[in-house]
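Colleague: So here's final_8.cif (mmCIF, C-alpha atoms).
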data_work
#
loop_
_atom_site.label_atom_id
_atom_site.label_comp_id
_atom_site.auth_asym_id
_atom_site.auth_seq_id
_atom_site.Cartn_x
_atom_site.Cartn_y
_atom_site.Cartn_z
CA MET A 277 34.81 53.72 51.41
CA GLN A 278 35.10 50.18 50.25
CA ASN A 279 34.68 49.12 46.67
CA GLN A 280 32.14 46.38 46.40
CA THR A 281 32.49 43.98 43.51
CA GLN A 282 29.18 42.63 42.35
CA THR A 283 28.97 39.56 40.17
CA GLU A 284 26.04 39.61 37.85
CA ILE A 285 24.33 36.25 37.38
CA PRO A 286 22.70 35.96 33.99
CA SER A 287 19.02 35.51 34.38
CA THR A 288 17.12 32.85 32.51
CA PRO A 289 14.15 34.21 30.62
CA SER A 290 10.93 33.23 32.24
CA SER A 291 9.53 32.16 28.87
CA ILE A 292 12.20 29.46 28.51
CA ILE A 293 11.57 28.19 32.02
CA SER A 294 7.84 28.14 31.47
CA ASP A 295 8.22 26.41 28.07
CA SER A 296 10.46 23.70 29.49
CA ASN A 297 8.17 23.20 32.45
CA THR A 298 5.20 23.05 30.09
CA ASP A 299 6.92 20.37 27.96
CA LYS A 300 7.69 18.26 31.02
CA THR A 301 4.21 18.68 32.39
CA SER A 302 2.59 17.83 29.06
CA SER A 303 4.75 14.72 28.67
CA TYR A 304 3.68 13.55 32.12
CA THR A 305 -0.01 14.21 31.58
CA ALA A 306 -0.30 13.25 27.90
CA SER A 307 -2.20 10.15 26.88
CA GLN A 308 -0.56 7.10 25.31
CA TRP A 309 -1.77 8.08 21.84
CA GLN A 310 -0.40 11.62 22.19
CA LEU A 311 3.01 10.27 23.17
CA MET A 312 2.96 7.89 20.21
CA TRP A 313 2.09 10.72 17.83
CA TRP A 314 4.83 13.01 19.17
CA LYS A 315 7.44 10.29 18.80
CA PHE A 316 6.21 9.24 15.36
CA ARG A 317 6.56 12.83 14.06
CA LYS A 318 10.29 12.74 14.89
CA HIS A 319 10.80 9.80 12.53
CA ARG A 320 11.11 11.76 9.27
CA ILE A 321 11.33 8.76 6.94
CA ALA A 322 8.23 7.23 8.51
CA VAL A 323 6.31 10.51 8.14
CA TRP A 324 7.28 10.79 4.47
CA SER A 325 6.33 7.15 3.94
CA ALA A 326 2.94 7.73 5.54
CA THR A 327 2.44 10.71 3.22
CA VAL A 328 3.26 8.60 0.17
CA LEU A 329 0.85 5.90 1.36
CA LEU A 330 -1.87 8.50 1.84
CA VAL A 331 -1.34 9.71 -1.74
CA LEU A 332 -1.50 6.14 -3.08
CA TYR A 333 -4.74 5.36 -1.27
CA LEU A 334 -6.28 8.69 -2.33
CA ALA A 335 -5.36 7.81 -5.91
CA ALA A 336 -7.12 4.47 -5.44
CA VAL A 337 -10.25 6.19 -4.12
CA PHE A 338 -10.40 8.80 -6.91
CA CYS A 339 -8.89 6.65 -9.68
CA GLU A 340 -11.63 7.43 -12.24
CA PHE A 341 -11.00 11.17 -11.94
CA LEU A 342 -7.19 10.99 -11.76
CA ALA A 343 -6.68 8.63 -14.71
CA PRO A 344 -6.23 10.45 -18.06
CA TYR A 345 -8.31 7.75 -19.80
CA SER A 346 -11.13 5.47 -18.75
CA LEU A 347 -10.55 1.79 -18.09
CA SER A 348 -12.35 0.82 -21.31
CA PHE A 349 -10.18 3.05 -23.53
CA GLN A 350 -8.12 1.39 -26.24
CA ASP A 351 -6.71 2.49 -29.58
CA THR A 352 -4.98 -0.25 -31.59
CA SER A 353 -3.31 2.37 -33.80
CA TYR A 354 -1.11 3.19 -30.77
CA ASN A 355 -0.29 -0.31 -29.53
CA TYR A 356 3.05 -0.49 -27.70
CA ALA A 357 3.49 3.27 -27.94
CA PRO A 358 6.45 4.47 -25.82
CA PRO A 359 6.01 6.96 -22.94
CA GLN A 360 5.46 10.49 -24.15
CA ARG A 361 7.74 13.17 -22.76
CA LEU A 362 6.51 16.41 -21.27
CA HIS A 363 8.11 19.45 -22.92
CA PHE A 364 8.64 22.99 -21.71
CA THR A 365 10.65 24.26 -24.66
CA SER A 366 9.98 24.34 -28.40
CA GLU A 367 11.20 26.24 -31.42
CA SER A 368 9.20 29.26 -30.28
CA GLY A 369 10.97 29.35 -26.88
CA PHE A 370 10.21 28.44 -23.27
CA HIS A 371 6.68 27.56 -22.12
CA LEU A 372 5.54 27.93 -18.54
CA TRP A 373 3.00 25.13 -18.96
CA PRO A 374 4.01 21.63 -20.20
CA PHE A 375 2.85 20.17 -23.50
CA VAL A 376 3.31 17.01 -25.56
CA TYR A 377 3.93 16.52 -29.23
CA GLY A 378 1.78 14.34 -31.42
CA LEU A 379 2.80 10.75 -32.17
CA LYS A 380 3.45 9.33 -35.64
CA GLY A 381 3.71 5.58 -36.02
CA GLN A 382 5.25 3.66 -38.89
CA ARG A 383 6.05 -0.01 -39.39
CA ASN A 384 9.46 -1.28 -40.45
CA PRO A 385 8.96 -3.20 -43.74
CA GLU A 386 11.68 -5.74 -42.86
CA THR A 387 11.08 -6.46 -39.15
CA LEU A 388 7.39 -5.40 -39.15
CA GLN A 389 8.05 -3.72 -35.81
CA LYS A 390 6.18 -0.48 -35.27
CA SER A 391 8.10 2.61 -34.19
CA TYR A 392 6.91 6.03 -33.12
CA GLN A 393 8.32 9.52 -33.58
CA GLU A 394 7.22 12.86 -32.24
CA ASP A 395 5.37 15.07 -34.70
CA LEU A 396 6.92 18.49 -34.03
CA THR A 397 4.19 20.20 -36.03
CA GLN A 398 1.52 19.23 -33.48
CA LYS A 399 1.60 20.57 -29.93
CA TYR A 400 -0.98 19.68 -27.30
CA PRO A 401 -0.89 21.59 -23.99
CA ILE A 402 -1.72 19.64 -20.82
CA ARG A 403 -5.19 20.66 -19.68
CA LEU A 404 -6.40 20.62 -16.09
CA LEU A 405 -9.91 19.30 -15.54
CA ALA A 406 -9.92 18.29 -19.17
CA LYS A 407 -13.02 16.91 -20.83
CA GLY A 408 -12.52 13.32 -21.93
CA GLN A 409 -14.17 9.94 -21.98
CA THR A 410 -17.30 9.45 -19.93
CA TYR A 411 -17.01 7.30 -16.80
CA LYS A 412 -19.00 6.48 -13.68
CA PHE A 413 -17.37 7.84 -10.56
CA TRP A 414 -17.52 5.07 -7.93
CA GLY A 415 -19.97 3.40 -10.30
CA LEU A 416 -22.64 5.95 -9.34
CA PHE A 417 -22.09 9.39 -10.88
CA LYS A 418 -21.65 9.91 -14.61
CA MET A 419 -18.78 12.32 -15.32
CA ASP A 420 -16.47 13.26 -18.18
CA ARG A 421 -13.85 15.43 -16.43
CA HIS A 422 -10.33 14.12 -15.81
CA LEU A 423 -7.59 15.73 -13.73
CA ILE A 424 -5.31 16.09 -16.77
CA GLY A 425 -5.78 15.56 -20.48
CA VAL A 426 -5.17 17.00 -23.94
CA ASP A 427 -7.38 18.39 -26.66
CA SER A 428 -9.14 16.13 -29.14
CA GLY A 429 -6.73 14.61 -31.63
CA GLY A 430 -3.82 14.42 -29.18
CA THR A 431 -2.59 11.62 -26.94
CA LEU A 432 -1.24 11.58 -23.39
CA PHE A 433 0.59 8.31 -22.78
CA LEU A 434 2.96 9.28 -19.95
CA LEU A 435 3.90 5.63 -19.27
CA GLY A 436 3.22 4.26 -22.76
CA THR A 437 0.60 1.78 -23.91
CA ASP A 438 0.20 -2.00 -23.94
CA SER A 439 -0.44 -4.48 -26.76
CA MET A 440 -4.02 -3.29 -27.20
CA GLY A 441 -3.24 0.43 -27.19
CA ARG A 442 -4.48 1.02 -23.61
CA ASP A 443 -2.88 3.77 -21.56
CA LEU A 444 -0.64 2.11 -18.96
CA LEU A 445 -0.72 4.98 -16.45
CA SER A 446 -4.52 4.96 -16.36
CA ARG A 447 -4.58 1.19 -15.86
CA ILE A 448 -2.01 1.41 -13.05
CA ILE A 449 -4.14 4.04 -11.28
CA TYR A 450 -7.24 1.88 -11.68
CA GLY A 451 -5.29 -1.21 -10.57
CA SER A 452 -4.23 0.48 -7.35
CA ARG A 453 -7.81 0.22 -6.07
CA ILE A 454 -7.68 -3.59 -6.21
CA SER A 455 -4.05 -4.13 -5.24
CA LEU A 456 -4.09 -1.77 -2.25
CA THR A 457 -7.49 -2.73 -0.85
CA ILE A 458 -6.87 -6.47 -1.14
CA GLY A 459 -4.01 -5.96 1.31
CA LEU A 460 -6.26 -4.19 3.82
CA LEU A 461 -9.12 -6.69 3.57
CA GLY A 462 -6.83 -9.71 3.63
CA VAL A 463 -4.80 -8.46 6.58
CA SER A 464 -7.95 -7.55 8.52
CA LEU A 465 -9.21 -11.11 8.23
CA SER A 466 -5.87 -12.85 8.82
CA PHE A 467 -5.05 -10.48 11.68
CA PHE A 468 -8.32 -11.23 13.43
CA LEU A 469 -7.71 -14.96 13.03
CA GLY A 470 -4.07 -14.71 14.14
CA LEU A 471 -4.77 -12.61 17.24
CA SER A 472 -7.82 -14.60 18.33
CA ILE A 473 -6.48 -18.10 17.76
CA GLY A 474 -2.99 -17.23 19.04
CA ALA A 475 -4.38 -15.62 22.21
CA ILE A 476 -6.67 -18.61 22.89
CA SER A 477 -3.83 -21.05 22.32
CA GLY A 478 -1.40 -19.24 24.62
CA TYR A 479 -3.83 -18.33 27.40
CA PHE A 480 -5.72 -21.59 27.87
CA GLY A 481 -2.94 -24.05 26.98
CA GLY A 482 -3.52 -27.77 27.47
CA TRP A 483 -5.38 -29.71 24.80
CA VAL A 484 -6.63 -26.49 23.22
CA ASP A 485 -3.05 -25.35 22.66
CA ASP A 486 -2.03 -28.77 21.31
CA LEU A 487 -4.95 -28.87 18.86
CA ILE A 488 -4.31 -25.37 17.52
CA GLN A 489 -0.55 -25.92 17.18
CA ARG A 490 -1.04 -29.19 15.28
CA MET A 491 -3.44 -27.41 12.91
CA ILE A 492 -0.89 -24.64 12.36
CA GLU A 493 1.86 -27.17 11.70
CA ILE A 494 -0.29 -28.91 9.08
CA LEU A 495 -0.99 -25.64 7.29
CA ARG A 496 2.65 -24.55 7.40
CA SER A 497 3.90 -27.92 6.19
CA PHE A 498 2.51 -27.33 2.71
CA PRO A 499 4.81 -25.45 0.29
CA GLN A 500 3.43 -21.94 0.06
CA ILE A 501 3.40 -21.35 -3.71
CA PRO A 502 1.86 -24.75 -4.65
CA LEU A 503 -0.75 -24.23 -1.92
CA TRP A 504 -1.57 -20.80 -3.34
CA LEU A 505 -1.89 -22.29 -6.81
CA ALA A 506 -4.13 -25.13 -5.63
CA LEU A 507 -6.50 -22.88 -3.67
CA SER A 508 -6.64 -20.28 -6.44
CA ALA A 509 -7.27 -22.90 -9.12
CA ALA A 510 -10.17 -24.21 -7.03
CA LEU A 511 -12.08 -20.98 -7.63
CA PRO A 512 -14.79 -21.57 -10.26
CA SER A 513 -14.11 -19.88 -13.59
CA SER A 514 -17.80 -18.92 -13.78
CA TRP A 515 -17.48 -16.59 -10.79
CA SER A 516 -17.97 -12.87 -11.27
CA ALA A 517 -15.13 -10.37 -10.89
CA LEU A 518 -16.29 -9.45 -7.37
CA GLN A 519 -16.50 -13.08 -6.29
CA ILE A 520 -12.99 -13.79 -7.57
CA TYR A 521 -11.71 -10.70 -5.73
CA LEU A 522 -13.25 -11.86 -2.45
CA GLY A 523 -12.08 -15.42 -3.07
CA ILE A 524 -8.45 -14.36 -3.54
CA THR A 525 -8.69 -12.24 -0.37
CA ILE A 526 -9.94 -15.22 1.64
CA VAL A 527 -7.26 -17.50 0.16
CA LEU A 528 -4.49 -15.10 1.16
CA SER A 529 -6.00 -14.67 4.63
CA ILE A 530 -6.25 -18.42 5.26
CA ILE A 531 -2.54 -18.78 4.61
CA GLY A 532 -1.37 -15.59 6.33
CA TRP A 533 -2.64 -15.99 9.90
CA THR A 534 -0.47 -18.89 11.11
CA GLY A 535 2.75 -16.95 11.63
CA LEU A 536 1.07 -14.21 13.66
CA ALA A 537 -0.82 -16.79 15.74
CA ARG A 538 2.45 -18.40 16.85
CA GLN A 539 3.99 -15.05 17.71
CA VAL A 540 0.96 -14.02 19.78
CA ARG A 541 0.94 -17.42 21.53
CA SER A 542 4.57 -17.06 22.61
CA LYS A 543 3.93 -13.55 23.95
CA ILE A 544 0.80 -14.62 25.83
CA LEU A 545 2.65 -17.58 27.38
CA SER A 546 5.27 -15.22 28.82
CA LEU A 547 2.77 -12.60 30.04
CA ARG A 548 -0.13 -14.60 31.44
CA GLU A 549 1.73 -15.29 34.71
CA GLU A 550 2.74 -11.66 35.23
CA ASP A 551 1.49 -9.76 38.29
CA PHE A 552 -0.86 -7.46 36.36
CA ALA A 553 -2.63 -10.45 34.73
CA THR A 554 -2.97 -12.21 38.09
CA ALA A 555 -4.27 -9.02 39.73
CA ALA A 556 -6.89 -8.58 37.00
CA LEU A 557 -8.03 -12.17 37.54
CA LEU A 558 -8.28 -11.71 41.32
CA VAL A 559 -10.45 -8.61 41.05
CA GLY A 560 -12.96 -10.54 38.96
CA ALA A 561 -12.00 -9.70 35.36
CA SER A 562 -13.14 -12.28 32.83
CA GLN A 563 -10.63 -14.26 30.82
CA THR A 564 -11.76 -12.56 27.62
CA ARG A 565 -11.18 -9.12 29.14
CA ILE A 566 -7.76 -10.13 30.43
CA MET A 567 -6.72 -11.31 26.96
CA TRP A 568 -8.05 -8.34 24.96
CA HIS A 569 -7.61 -5.48 27.46
CA HIS A 570 -4.46 -6.46 29.34
CA LEU A 571 -2.31 -9.03 27.57
CA LEU A 572 -2.60 -8.08 23.90
CA PRO A 573 -2.10 -4.30 24.41
CA SER A 574 1.06 -5.00 26.42
CA PHE A 575 2.98 -5.92 23.25
CA MET A 576 1.29 -3.43 20.92
CA SER A 577 4.57 -2.49 19.22
CA HIS A 578 5.09 -6.07 18.07
CA ILE A 579 1.52 -6.25 16.75
CA ILE A 580 1.96 -2.99 14.81
CA VAL A 581 5.15 -4.22 13.17
CA SER A 582 3.48 -7.49 12.19
CA LEU A 583 0.54 -5.56 10.75
CA THR A 584 2.66 -3.23 8.62
CA LEU A 585 4.67 -6.20 7.30
CA ALA A 586 1.58 -8.29 6.57
CA ILE A 587 -0.09 -5.74 4.28
CA PRO A 588 2.76 -5.61 1.70
CA ALA A 589 3.04 -9.40 1.94
CA MET A 590 -0.64 -9.62 0.94
CA ILE A 591 -0.05 -7.22 -1.95
CA ILE A 592 2.92 -9.26 -3.17
CA GLY A 593 0.87 -12.44 -2.79
CA GLU A 594 -1.93 -11.11 -5.00
CA THR A 595 0.59 -9.76 -7.51
CA SER A 596 2.37 -13.11 -7.69
CA LEU A 597 -0.83 -15.12 -8.18
CA SER A 598 -2.13 -12.74 -10.85
CA PHE A 599 1.26 -12.70 -12.57
CA LEU A 600 1.15 -16.51 -12.78
CA GLY A 601 -2.38 -16.35 -14.20
CA LEU A 602 -4.04 -18.04 -11.22
CA GLY A 603 -5.11 -14.96 -9.30
CA LEU A 604 -7.28 -12.12 -10.50
CA ARG A 605 -8.21 -12.27 -14.16
CA PRO A 606 -9.40 -9.70 -16.71
CA PRO A 607 -11.62 -7.70 -16.80
CA ILE A 608 -10.38 -7.04 -13.25
CA THR A 609 -7.37 -4.73 -13.32
CA SER A 610 -4.67 -4.99 -10.67
CA TRP A 611 -0.92 -4.51 -10.68
CA GLY A 612 -0.42 -8.26 -10.90
CA VAL A 613 -2.75 -8.52 -13.90
CA LEU A 614 -0.84 -5.71 -15.61
CA LEU A 615 2.49 -7.42 -14.97
CA LYS A 616 1.22 -10.60 -16.62
CA GLU A 617 1.91 -8.95 -19.98
CA ALA A 618 5.56 -8.63 -18.99
CA GLN A 619 6.10 -12.40 -18.69
CA ASN A 620 7.79 -12.63 -22.08
CA MET A 621 11.43 -11.57 -21.95
CA ARG A 622 11.36 -10.65 -25.64
CA THR A 623 8.45 -8.31 -24.98
CA ILE A 624 10.29 -6.68 -22.08
CA ALA A 625 13.39 -6.19 -24.24
CA PHE A 626 11.42 -4.19 -26.81
CA TYR A 627 8.84 -2.57 -24.49
CA PRO A 628 10.45 -2.11 -21.04
CA TRP A 629 7.72 0.31 -19.89
CA LEU A 630 5.43 -2.69 -19.37
CA LEU A 631 7.32 -3.24 -16.10
CA SER A 632 6.06 0.10 -14.71
CA PRO A 633 3.51 -1.58 -12.38
CA ALA A 634 6.41 -3.32 -10.61
CA VAL A 635 7.77 0.09 -9.60
CA PHE A 636 4.53 0.87 -7.77
CA VAL A 637 4.58 -2.54 -6.04
CA ILE A 638 8.15 -1.96 -4.85
CA LEU A 639 7.35 1.60 -3.73
CA THR A 640 4.31 0.43 -1.75
CA VAL A 641 6.25 -2.32 0.00
CA LEU A 642 9.09 0.04 0.91
CA VAL A 643 6.90 2.80 2.36
CA PHE A 644 4.92 0.25 4.38
CA ASN A 645 8.17 -1.07 5.88
CA PHE A 646 9.52 2.42 6.63
CA MET A 647 6.25 3.50 8.21
CA GLY A 648 6.15 0.28 10.24
CA ASP A 649 9.62 1.03 11.58
CA GLY A 650 8.44 4.45 12.78
CA LEU A 651 5.25 3.01 14.29
CA ARG A 652 7.26 0.37 16.14
CA ASP A 653 9.37 3.05 17.80
CA ALA A 654 6.32 5.23 18.49
CA ALA A 655 4.46 2.34 20.12
CA ASP A 656 7.05 2.42 22.93
CA PRO A 657 7.06 6.17 23.66
CA TYR A 658 8.76 5.78 27.05
CA GLU A 659 11.87 4.19 25.55
CA ARG A 660 14.67 6.53 24.65
#
Once more with this new file: its structure as structure tokens, please.

Modeller:
Amino acid sequence: MQNQTQTEIPSTPSSIISDSNTDKTSSYTASQWQLMWWKFRKHRIAVWSATVLLVLYLAAVFCEFLAPYSLSFQDTSYNYAPPQRLHFTSESGFHLWPFVYGLKGQRNPETLQKSYQEDLTQKYPIRLLAKGQTYKFWGLFKMDRHLIGVDSGGTLFLLGTDSMGRDLLSRIIYGSRISLTIGLLGVSLSFFLGLSIGAISGYFGGWVDDLIQRMIEILRSFPQIPLWLALSAALPSSWSALQIYLGITIVLSIIGWTGLARQVRSKILSLREEDFATAALLVGASQTRIMWHHLLPSFMSHIIVSLTLAIPAMIIGETSLSFLGLGLRPPITSWGVLLKEAQNMRTIAFYPWLLSPAVFVILTVLVFNFMGDGLRDAADPYER
């Protein structure tokens, strides 16, 4: 009787095999957009940046409801009031819900500077869906409910007030609607101009290319800031707030398309002689279809990066013009208009919270850049 030695081979669970096969099969059969989405989700910083951007744009859409005070609110008895702190503890112990103390202001008889102290005898709990000043939601519906607020007699200045006693946080939330949308509108226009003119210049070449390139060189030869100032100063002072808003958007778009046009031209020049472009021409595709359906999508990652960099550039452009006093003007509220009050270094030294809008500008630019980095990688899903 012989002893037989049997070697047991560990078996692989069928679920693991089926899952791996399913992943491979799905990656082979997935569409381009599905592959881009799967790769974008792996870029954690880009996903968090996209979430922050979504929150900022939602705040811009619902700014009337989210702001503790309406845009017309002002109380000169609280001018240059410092940011109020949220408290969870008091003499009576710990509170599960935050509250603020009342503010007492008094003026120094020697320097005439006004200072504020917390009035510990007055406590105002933070209310959700608090009743406050009446406003028109989207300019259509009359409402008086705000996301947060305090009872009558209290104040809620989480980021302080300005020289006229206006709540800075509320004005920043209202200003986000202008500052964030001017980037989208301006980039849409400049992107259309850059893609169209750059594609025409690179694809047709010859005298068309020479004419477009000379025009671009003329526009780029002017110093950018003086050109901004000249075009912005040309806007009539009698224009309405909406006309000025559209005028600034057009000014920024006129200047912003030249760089993208040159980038698109160089890409088209290198791709128009490729086999896929020649094959499309031989089968009877029109030149317009070849440009928009074959050449431009072939460098989509580069276009996406340019787009995500152009939007914060537009926002910074509007902020800079408004800060210099040649962009948007009151009663329009934008982050640049709010920063105009921080031009005086003496004012900043005493009231540093006036620089709060700059934090939102920096945050917006950073998250756009981080999200653009993730979109650039996702636009090439087949690259490892």

Colleague: Output the residue selection produced by the PyMOL selection byres ((chain A and resi 434) around 6) on the file above, formatted as a PyMOL selection string.

Modeller: chain A and resi 359-360+432-433+435-436

Colleague: Which polymer residues have any atom within 8 Å of an atom of region 479-494 of chain A, counting only C-alpha atoms, with same-chain residues fewer than 2 positions away left out, as a PDB file with C-alpha atoms, keeping the file's coordinate frame?

Modeller:
ATOM      1  CA  ILE A 473      -6.480 -18.100  17.760  1.00  0.00           C
ATOM      2  CA  ALA A 475      -4.380 -15.620  22.210  1.00  0.00           C
ATOM      3  CA  ILE A 476      -6.670 -18.610  22.890  1.00  0.00           C
ATOM      4  CA  SER A 477      -3.830 -21.050  22.320  1.00  0.00           C
ATOM      5  CA  ARG A 496       2.650 -24.550   7.400  1.00  0.00           C
ATOM      6  CA  SER A 497       3.900 -27.920   6.190  1.00  0.00           C
ATOM      7  CA  PHE A 498       2.510 -27.330   2.710  1.00  0.00           C
ATOM      8  CA  THR A 534      -0.470 -18.890  11.110  1.00  0.00           C
ATOM      9  CA  ARG A 541       0.940 -17.420  21.530  1.00  0.00           C
ATOM     10  CA  ILE A 544       0.800 -14.620  25.830  1.00  0.00           C
ATOM     11  CA  LEU A 545       2.650 -17.580  27.380  1.00  0.00           C
ATOM     12  CA  ARG A 548      -0.130 -14.600  31.440  1.00  0.00           C
ATOM     13  CA  MET A 567      -6.720 -11.310  26.960  1.00  0.00           C
TER      14      MET A 567
END

Colleague: Specify as a PDB file with C-alpha atoms, in the frame of the given file each residue included when the PyMOL selection byres ((chain A and resi 637) around 10) is applied to this file.

Modeller:
ATOM      1  CA  SER A 452      -4.230   0.480  -7.350  1.00  0.00           C
ATOM      2  CA  SER A 455      -4.050  -4.130  -5.240  1.00  0.00           C
ATOM      3  CA  LEU A 456      -4.090  -1.770  -2.250  1.00  0.00           C
ATOM      4  CA  PRO A 588       2.760  -5.610   1.700  1.00  0.00           C
ATOM      5  CA  ILE A 591      -0.050  -7.220  -1.950  1.00  0.00           C
ATOM      6  CA  ILE A 592       2.920  -9.260  -3.170  1.00  0.00           C
ATOM      7  CA  THR A 595       0.590  -9.760  -7.510  1.00  0.00           C
ATOM      8  CA  TRP A 611      -0.920  -4.510 -10.680  1.00  0.00           C
ATOM      9  CA  GLY A 612      -0.420  -8.260 -10.900  1.00  0.00           C
ATOM     10  CA  SER A 632       6.060   0.100 -14.710  1.00  0.00           C
ATOM     11  CA  PRO A 633       3.510  -1.580 -12.380  1.00  0.00           C
ATOM     12  CA  ALA A 634       6.410  -3.320 -10.610  1.00  0.00           C
ATOM     13  CA  VAL A 635       7.770   0.090  -9.600  1.00  0.00           C
ATOM     14  CA  PHE A 636       4.530   0.870  -7.770  1.00  0.00           C
ATOM     15  CA  ILE A 638       8.150  -1.960  -4.850  1.00  0.00           C
ATOM     16  CA  LEU A 639       7.350   1.600  -3.730  1.00  0.00           C
ATOM     17  CA  THR A 640       4.310   0.430  -1.750  1.00  0.00           C
ATOM     18  CA  VAL A 641       6.250  -2.320   0.000  1.00  0.00           C
ATOM     19  CA  LEU A 642       9.090   0.040   0.910  1.00  0.00           C
TER      20      LEU A 642
END

Colleague: What's the 12 Å shell around Leu528 (chain A), counting all atoms listed in the file, without same-chain residues fewer than 4 positions away, as a ChimeraX atom specification?

Modeller: /A:458-467,500-501,503-505,507-508,521-524,532-534,586-597,603

Colleague: Around (-2.7, 1.6, -18.0), as given in the file, which residues come within 12 Å? Count only C-alpha atoms and list them as a PyMOL selection string.

Modeller: chain A and resi 339+343-350+355-357+359+432-452+609-611+613-615+617+629-633

Colleague: How would you write, as a list in words, the residues chosen by the PyMOL selection byres ((chain A and resi 395) around 6) on this structure?

Modeller: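 Here the PyMOL selection byres ((chain A and resi 395) around 6) matches Tyr377, Gly378, Leu379, Glu394, Leu396, Thr397 and Gln398 of chain A.
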
Colleague: If you measure from CA of Val426 (chain A) to CA of Leu405 (chain A), what distance in Å do you get, rounded to one decimal?

Modeller: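 It comes out at 9.9 Å.
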
Colleague: Hey, can you check how far CA of Leu311 (chain A) sits from CA of Met647 (chain A)?

Modeller: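 According to the coordinates, CA of Leu311 (chain A) and CA of Met647 (chain A) are separated by 16.7 Å.
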
Colleague: Write out as a PyMOL selection string which residues come within 7 Å of His363 (chain A) when counting only C-alpha atoms, dropping same-chain ones fewer than 4 positions away.

Modeller: chain A and resi 374-376

Colleague: Would you put the residues from that selection into a file with C-alpha atoms, as a PDB file, in the coordinates of the input?

Modeller:
ATOM      1  CA  PRO A 374       4.010  21.630 -20.200  1.00  0.00           C
ATOM      2  CA  PHE A 375       2.850  20.170 -23.500  1.00  0.00           C
ATOM      3  CA  VAL A 376       3.310  17.010 -25.560  1.00  0.00           C
TER       4      VAL A 376
END

Colleague: State, in Å with one decimal place, the distance from CA of Lys390 (chain A) to CA of Gln619 (chain A).

Modeller: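 Result for CA of Lys390 (chain A) versus CA of Gln619 (chain A): 20.4 Å, one decimal.
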
Colleague: I'd like to know which of A:Glu386, A:Phe468, A:Gly381, A:Trp309 is closest to Trp568 (chain A), using only C-alpha atoms.

Modeller: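 Going through A:Glu386, A:Phe468, A:Gly381, A:Trp309 one by one, the smallest distance to Trp568 (chain A) is for A:Phe468.
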
Colleague: Name the residues in contact with Thr327 (chain A) at a cut-off of 12 Å, using only C-alpha atoms, excluding same-chain residues fewer than 2 positions from it; report them as a ChimeraX atom specification.

Modeller: /A:317,320-325,329-334,640,643-644,646-647

Colleague: Which residues, written as a VMD selection string, have at least one atom at most 7 Å from Val540 (chain A), with all atoms listed in the file counted and residues fewer than 3 positions away on the same chain left out?

Modeller: chain A and resid 471 474 to 475 536 to 537 543 to 544

Colleague: Could you work out an axis-aligned box for region 435-439 of chain A, taking every atom the file lists and adding 3 Å on each side, and report centre and edge lengths in Å to one decimal, as AutoDock Vina command-line options?

Modeller:
--center_x 1.7 --center_y 0.6 --center_z -23.0 --size_x 10.3 --size_y 16.1 --size_z 13.5

Colleague: Have a look at A:Ala625, A:Leu469, A:Ala335, A:Ile424 and name the one nearest to Arg453 (chain A); count all atoms listed in the file.

Modeller: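 Nearest candidate to Arg453 (chain A) out of A:Ala625, A:Leu469, A:Ala335, A:Ile424: A:Ala335.
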